[in-house]
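Colleague: Have a peek at model_20.cif (mmCIF, C-alpha atoms).
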data_coords
loop_
_atom_site.label_atom_id
_atom_site.label_comp_id
_atom_site.auth_asym_id
_atom_site.auth_seq_id
_atom_site.Cartn_x
_atom_site.Cartn_y
_atom_site.Cartn_z
CA MET A 16 208.19 -10.40 205.27
CA ALA A 17 210.38 -12.57 203.09
CA HIS A 18 209.73 -12.87 199.37
CA GLU A 19 212.56 -15.06 198.15
CA TYR A 20 212.58 -16.45 194.63
CA GLY A 21 213.20 -20.07 195.48
CA THR A 22 213.10 -22.24 198.54
CA LEU A 23 215.68 -23.25 201.09
CA ALA A 24 215.05 -26.90 200.15
CA ALA A 25 215.77 -26.21 196.45
CA LEU A 26 218.95 -24.30 197.34
CA LYS A 27 220.17 -27.16 199.53
CA GLN A 28 219.52 -29.61 196.71
CA LYS A 29 221.47 -27.43 194.25
CA LEU A 30 224.41 -27.29 196.66
CA GLY A 31 224.28 -31.01 197.51
CA ILE A 32 223.40 -30.36 201.16
CA GLU A 33 221.23 -32.93 202.95
CA ALA A 34 217.67 -31.70 203.52
CA ASP A 35 217.84 -32.41 207.28
CA ASP A 36 221.17 -30.57 207.72
CA ASP A 37 220.14 -27.25 209.26
CA SER A 38 223.62 -26.16 210.39
CA ARG A 39 223.95 -23.70 207.47
CA ASP A 40 220.34 -22.55 207.16
CA THR A 41 221.05 -19.00 208.37
CA LEU A 42 223.76 -18.49 205.74
CA LEU A 43 221.67 -20.12 203.02
CA ASN A 44 218.58 -18.03 203.83
CA SER A 45 220.69 -14.88 203.82
CA ALA A 46 222.18 -15.77 200.43
CA LEU A 47 218.72 -16.51 198.98
CA ALA A 48 217.30 -13.22 200.27
CA SER A 49 220.27 -11.25 198.91
CA ALA A 50 220.05 -12.97 195.53
CA SER A 51 216.33 -12.24 195.30
CA ARG A 52 216.69 -8.56 196.19
CA GLY A 53 219.65 -8.28 193.80
CA ILE A 54 217.44 -9.54 190.97
CA ASP A 55 214.82 -6.93 191.90
CA LYS A 56 217.42 -4.17 191.72
CA SER A 57 218.96 -5.42 188.48
CA THR A 58 215.64 -5.76 186.66
CA GLY A 59 213.92 -2.70 188.11
CA ARG A 60 210.89 -4.72 189.13
CA ARG A 61 209.81 -7.29 191.67
CA PHE A 62 208.25 -10.63 190.96
CA TRP A 63 206.32 -11.33 194.17
CA LEU A 64 202.67 -10.32 194.39
CA ASP A 65 201.27 -8.02 197.08
CA ASP A 66 199.15 -9.95 199.57
CA GLU A 67 196.40 -7.35 199.24
CA ALA A 68 195.67 -4.33 197.07
CA VAL A 69 197.70 -1.19 197.78
CA GLN A 70 197.53 2.34 196.34
CA ARG A 71 200.06 4.03 194.07
CA VAL A 72 199.76 7.49 192.54
CA TYR A 73 201.08 8.30 189.06
CA ARG A 74 201.69 11.68 187.44
CA LEU A 75 200.77 11.60 183.76
CA ALA A 76 203.89 13.43 182.56
CA GLY A 77 206.29 10.94 181.00
CA ARG A 78 203.98 7.98 181.60
CA VAL A 79 201.48 8.29 178.73
CA VAL A 80 202.14 6.73 175.34
CA CYS A 81 199.92 7.70 172.41
CA GLU A 82 198.68 4.52 170.72
CA ASP A 83 196.49 4.20 167.61
CA ASP A 84 193.49 3.23 169.75
CA GLY A 85 194.00 5.67 172.64
CA ASP A 86 196.39 6.81 175.35
CA LEU A 87 198.27 4.16 177.29
CA LEU A 88 199.23 5.00 180.88
CA LEU A 89 202.29 3.00 181.90
CA VAL A 90 202.01 1.62 185.45
CA ASP A 91 204.08 -0.62 187.70
CA ASP A 92 203.54 -4.36 187.19
CA ILE A 93 200.05 -5.43 188.30
CA GLY A 94 199.73 -9.15 188.98
CA SER A 95 196.03 -9.44 189.81
CA ILE A 96 192.84 -7.55 188.98
CA THR A 97 191.37 -8.44 192.38
CA GLY A 98 190.67 -5.12 194.06
CA LEU A 99 191.79 -3.10 191.01
CA VAL A 100 190.48 0.48 191.21
CA VAL A 101 191.55 3.38 189.00
CA GLU A 102 190.83 6.95 190.10
CA THR A 103 191.65 10.34 188.62
CA GLY A 104 192.12 13.63 190.42
CA SER A 105 194.46 14.96 193.05
CA SER A 106 195.31 14.47 196.70
CA VAL A 107 192.21 16.52 197.60
CA SER A 108 189.60 14.72 195.51
CA TRP A 109 189.55 11.40 193.65
CA THR A 110 186.94 10.15 191.18
CA THR A 111 186.62 6.49 190.21
CA PHE A 112 187.35 5.95 186.52
CA THR A 113 186.15 2.95 184.49
CA GLY A 114 186.85 3.86 180.86
CA TYR A 115 190.07 1.87 180.45
CA GLU A 116 191.36 -1.54 179.40
CA THR A 117 194.34 -3.35 180.88
CA GLN A 118 197.36 -3.95 178.66
CA PRO A 119 198.86 -6.06 177.25
CA ASP A 120 195.84 -8.06 176.16
CA ASN A 121 195.55 -11.39 178.01
CA ALA A 122 198.54 -10.53 180.20
CA LEU A 123 197.43 -12.37 183.33
CA ALA A 124 196.24 -15.39 181.32
CA ASP A 125 199.73 -15.52 179.78
CA GLY A 126 201.41 -15.34 183.20
CA VAL A 127 202.78 -11.81 182.77
CA PRO A 128 201.73 -8.63 184.56
CA ILE A 129 199.53 -5.79 183.41
CA THR A 130 201.85 -2.88 182.59
CA GLY A 131 199.47 -0.29 181.16
CA LEU A 132 195.97 1.13 181.30
CA LEU A 133 194.57 2.04 177.86
CA ARG A 134 192.05 4.87 177.58
CA VAL A 135 190.19 3.41 174.60
CA ASN A 136 189.77 5.95 171.78
CA GLY A 137 190.51 8.76 174.21
CA THR A 138 193.14 10.55 176.21
CA TRP A 139 193.88 10.70 179.91
CA GLY A 140 193.35 14.45 179.46
CA ILE A 141 195.29 17.53 180.34
CA THR A 142 193.08 18.39 183.32
CA THR A 143 193.88 15.14 185.07
CA SER A 144 197.14 15.66 186.86
CA ARG A 145 197.32 12.30 188.59
CA VAL A 146 195.93 8.79 188.49
CA ARG A 147 195.65 6.67 191.61
CA VAL A 148 195.71 2.91 191.10
CA THR A 149 194.74 0.45 193.80
CA ALA A 150 195.94 -3.04 192.88
CA GLN A 151 197.99 -6.05 193.82
CA PHE A 152 201.33 -5.07 192.33
CA GLY A 153 203.94 -7.61 191.25
CA TRP A 154 203.72 -10.65 189.00
CA PRO A 155 200.92 -13.26 188.92
CA ALA A 156 203.57 -15.90 189.72
CA VAL A 157 207.35 -15.85 189.92
CA PRO A 158 208.72 -16.94 186.50
CA ASP A 159 210.79 -20.14 186.42
CA ASP A 160 213.75 -18.21 184.96
CA ILE A 161 213.77 -15.87 187.97
CA ILE A 162 213.63 -18.78 190.42
CA GLU A 163 216.55 -20.49 188.69
CA ALA A 164 218.56 -17.25 188.55
CA ALA A 165 217.97 -16.68 192.27
CA LEU A 166 219.11 -20.21 193.14
CA ILE A 167 222.26 -19.91 191.00
CA GLN A 168 223.09 -16.51 192.49
CA ALA A 169 222.33 -17.69 196.05
CA SER A 170 224.67 -20.67 195.51
CA ARG A 171 227.35 -18.28 194.35
CA LEU A 172 226.83 -15.93 197.31
CA TYR A 173 226.91 -18.85 199.75
CA LYS A 174 230.20 -20.11 198.29
CA ARG A 175 231.64 -16.58 198.43
CA LYS A 176 232.74 -17.25 202.02
CA ASP A 177 235.32 -19.63 200.55
CA SER A 178 236.70 -17.05 198.11
CA PRO A 179 238.22 -14.15 200.04
CA GLU A 180 238.95 -11.05 197.97
CA GLY A 181 236.92 -12.56 195.11
CA ILE A 182 239.60 -15.14 194.29
CA ILE A 183 238.85 -18.81 193.98
CA GLY A 184 241.30 -21.65 193.58
CA SER A 185 241.14 -25.13 192.17
CA ALA A 186 243.67 -27.90 191.53
CA GLU A 187 242.34 -28.17 187.97
CA TRP A 188 242.12 -24.46 187.05
CA GLY A 189 244.54 -22.80 189.43
CA VAL A 190 243.72 -19.44 190.97
CA ARG A 191 241.34 -17.02 189.23
CA ASN A 192 239.17 -14.00 189.98
CA LEU A 193 235.43 -14.39 190.13
CA SER A 194 233.58 -12.51 187.39
CA ARG A 195 231.50 -9.52 188.44
CA ARG A 196 228.31 -11.03 186.99
CA ASP A 197 227.41 -14.65 186.56
CA PRO A 198 226.66 -15.04 182.82
CA ASP A 199 223.98 -17.66 183.43
CA VAL A 200 222.15 -15.48 185.93
CA TRP A 201 222.38 -12.53 183.57
CA ALA A 202 221.04 -14.57 180.63
CA LEU A 203 218.07 -15.69 182.73
CA ILE A 204 217.08 -12.24 184.03
CA GLU A 205 217.92 -10.13 180.96
CA PRO A 206 214.51 -10.55 179.24
CA TYR A 207 212.81 -9.19 182.38
CA ILE A 208 214.89 -6.01 182.74
CA LEU A 209 212.91 -2.79 182.44
CA PRO A 210 214.40 -0.21 180.07
CA GLY A 211 216.86 2.01 181.92
CA PHE A 212 217.97 -0.70 184.38
CA GLY A 213 220.79 -3.23 184.33
#
Give the structure from the file, written as structure tokens.
Modeller:
Amino acid sequence: MAHEYGTLAALKQKLGIEADDDSRDTLLNSALASASRGIDKSTGRRFWLDDEAVQRVYRLAGRVVCEDDGDLLLVDDIGSITGLVVETGSSVSWTTFTGYETQPDNALADGVPITGLLRVNGTWGITTSRVRVTAQFGWPAVPDDIIEAALIQASRLYKRKDSPEGIIGSAEWGVRNLSRRDPDVWALIEPYILPGFG
């Protein structure tokens, strides 16, 4: 299942290719997919939303932050509360848990994902070894910056076929090496990078 950050039509427009010209669609789609997955790897997250709720299990060690108003369990990006279920326990027995709030406040209303579950005025406890979260993981919607970064990077990857060995030439500039990272792409995705990635 493809989850590209941008459309083939938008990429064609950026490259000045006629919309009805399908002779390069395979190469363009490949470039767009590679650019999108490259952004995922560089940021340490993904921006598409699961089609339906899926389960993920979290160990508490290294994932709990002590806040003034309770313990915050850090989770992967959650882009929708539809089907959200939190359970505590182990692989043998799970118990539904409701004494939490999603964090940050108003995340989904602001177009950003839920990244933590706050145990209000309490702790996740030392007896609880794991928490199982059923949710639609990802972002509520792909941010405009990520779409633009994917289109720029896909354009660059598509044009790479014309620059063997990473060298590009021009009558105006002469011959030069391509930079390892596109500075515009990096500037667009940098605010979304999880700590420890990039």
Colleague: So, with all atoms listed in the file as the atoms that count, which of A:Ala156, A:Val101, A:Leu133, A:Ala76 lies closest to Pro119 (chain A)?
Modeller: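 Closest candidate: A:Leu133.
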Colleague: My list of candidates is A:Tyr20, A:Trp63, A:Tyr207, A:Phe112. Which is closest to Arg147 (chain A) when distances are computed with only C-alpha atoms?
Modeller: A:Phe112
Colleague: Find the distance between CA of Arg78 (chain A) and CA of Asp160 (chain A) and write it in Å to one decimal.
Modeller: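 Distance between the two atoms: 28.2 Å.
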Colleague: Selected by the PyMOL selection byres ((chain A and resi 173) around 12) in the shown coordinates: which residues, as an NGL selection string?
Modeller: :A and (26-27 or 29-30 or 39-50 or 165-172 or 174-178)
Colleague: Kindly resolve the PyMOL selection byres ((chain A and resi 99) around 12) on the present coordinates and return the residues as number ranges by chain.
Modeller: A: 67-71, 93-98, 100-102, 111-113, 115-117, 129, 132, 147-152
Colleague: Just give me the gap between CA of Thr22 (chain A) and CA of Asp199 (chain A) in Å, one decimal is fine.
Modeller: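 Rounded to one decimal, the two atoms are 19.2 Å apart.
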Colleague: Suppose you want the space between CA of Leu75 (chain A) and CA of Arg60 (chain A); what is it in Å?
Modeller: 19.9 Å
Colleague: Pick the closest to Gly104 (chain A) from A:Pro210, A:Gly21, A:Gly140, A:Gly59: which is it, counting all atoms listed in the file?
Modeller: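 Between A:Pro210, A:Gly21, A:Gly140, A:Gly59, the residue approaching Gly104 (chain A) most closely is A:Gly140.
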Colleague: Which residue out of A:Leu89, A:Thr58, A:Ala34, A:Val80 has the minimum interatomic distance to Val200 (chain A) when all atoms listed in the file are used?
Modeller: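 Of all the options, A:Thr58 lies closest to Val200 (chain A).
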Colleague: Please determine, counting all atoms listed in the file, which residue among A:Gly114, A:Val72, A:Ile208, A:Ser105 has the shortest atom-to-atom distance to Thr138 (chain A).
Modeller: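 The answer is A:Gly114, which sits nearest to Thr138 (chain A).
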Colleague: Find the smallest box with edges along x, y and z containing every listed atom of region 124-143 of chain A, then add 3 Å on each side and report centre and edge lengths in Å to one decimal, as lines of an AutoDock Vina configuration file.
Modeller:
center_x = 196.3
center_y = 1.4
center_z = 178.4
size_x = 19.0
size_y = 39.9
size_z = 19.3
Colleague: Write out as JSON, numbers by chain the residues lying within 12 Å of Arg61 (chain A), counting only C-alpha atoms and excluding same-chain residues fewer than 3 positions away.
Modeller: {"A": [18, 19, 20, 51, 52, 53, 54, 55, 56, 57, 58, 64, 65, 91, 92, 93, 94, 128, 152, 153, 154, 155, 156, 157, 158, 161, 204, 207, 208, 209]}
Colleague: Complete region 108-123 of chain A with N, CA and C atoms (output as a compact mmCIF listing (two decimals), in the frame of the given file).
Modeller:
# COMPACT_ATOMS: atom_id res chain seq x y z
N SER A 108 190.84 15.36 195.97
CA SER A 108 189.60 14.72 195.51
C SER A 108 189.90 13.68 194.43
N TRP A 109 189.36 12.48 194.61
CA TRP A 109 189.55 11.40 193.65
C TRP A 109 188.20 10.95 193.12
N THR A 110 188.15 10.63 191.82
CA THR A 110 186.94 10.15 191.18
C THR A 110 187.24 8.81 190.52
N THR A 111 186.42 7.80 190.80
CA THR A 111 186.62 6.49 190.21
C THR A 111 186.45 6.58 188.70
N PHE A 112 187.33 5.91 187.99
CA PHE A 112 187.35 5.95 186.52
C PHE A 112 187.24 4.53 185.99
N THR A 113 186.35 4.30 185.02
CA THR A 113 186.15 2.95 184.49
C THR A 113 186.42 2.82 183.00
N GLY A 114 186.69 3.91 182.31
CA GLY A 114 186.85 3.86 180.86
C GLY A 114 188.24 3.48 180.41
N TYR A 115 188.72 2.32 180.82
CA TYR A 115 190.07 1.87 180.45
C TYR A 115 190.07 0.37 180.22
N GLU A 116 191.10 -0.10 179.56
CA GLU A 116 191.36 -1.54 179.40
C GLU A 116 192.77 -1.81 179.89
N THR A 117 192.99 -2.98 180.44
CA THR A 117 194.34 -3.35 180.88
C THR A 117 195.15 -3.84 179.69
N GLN A 118 196.44 -3.56 179.72
CA GLN A 118 197.36 -3.95 178.66
C GLN A 118 198.59 -4.62 179.24
N PRO A 119 199.25 -5.53 178.55
CA PRO A 119 198.86 -6.06 177.25
C PRO A 119 197.63 -6.96 177.34
N ASP A 120 197.00 -7.17 176.20
CA ASP A 120 195.84 -8.06 176.16
C ASP A 120 196.23 -9.43 176.69
N ASN A 121 195.37 -10.02 177.48
CA ASN A 121 195.55 -11.39 178.01
C ASN A 121 196.80 -11.55 178.88
N ALA A 122 197.29 -10.47 179.44
CA ALA A 122 198.54 -10.53 180.20
C ALA A 122 198.49 -11.57 181.32
N LEU A 123 197.50 -11.47 182.19
CA LEU A 123 197.43 -12.37 183.33
C LEU A 123 197.23 -13.83 182.90
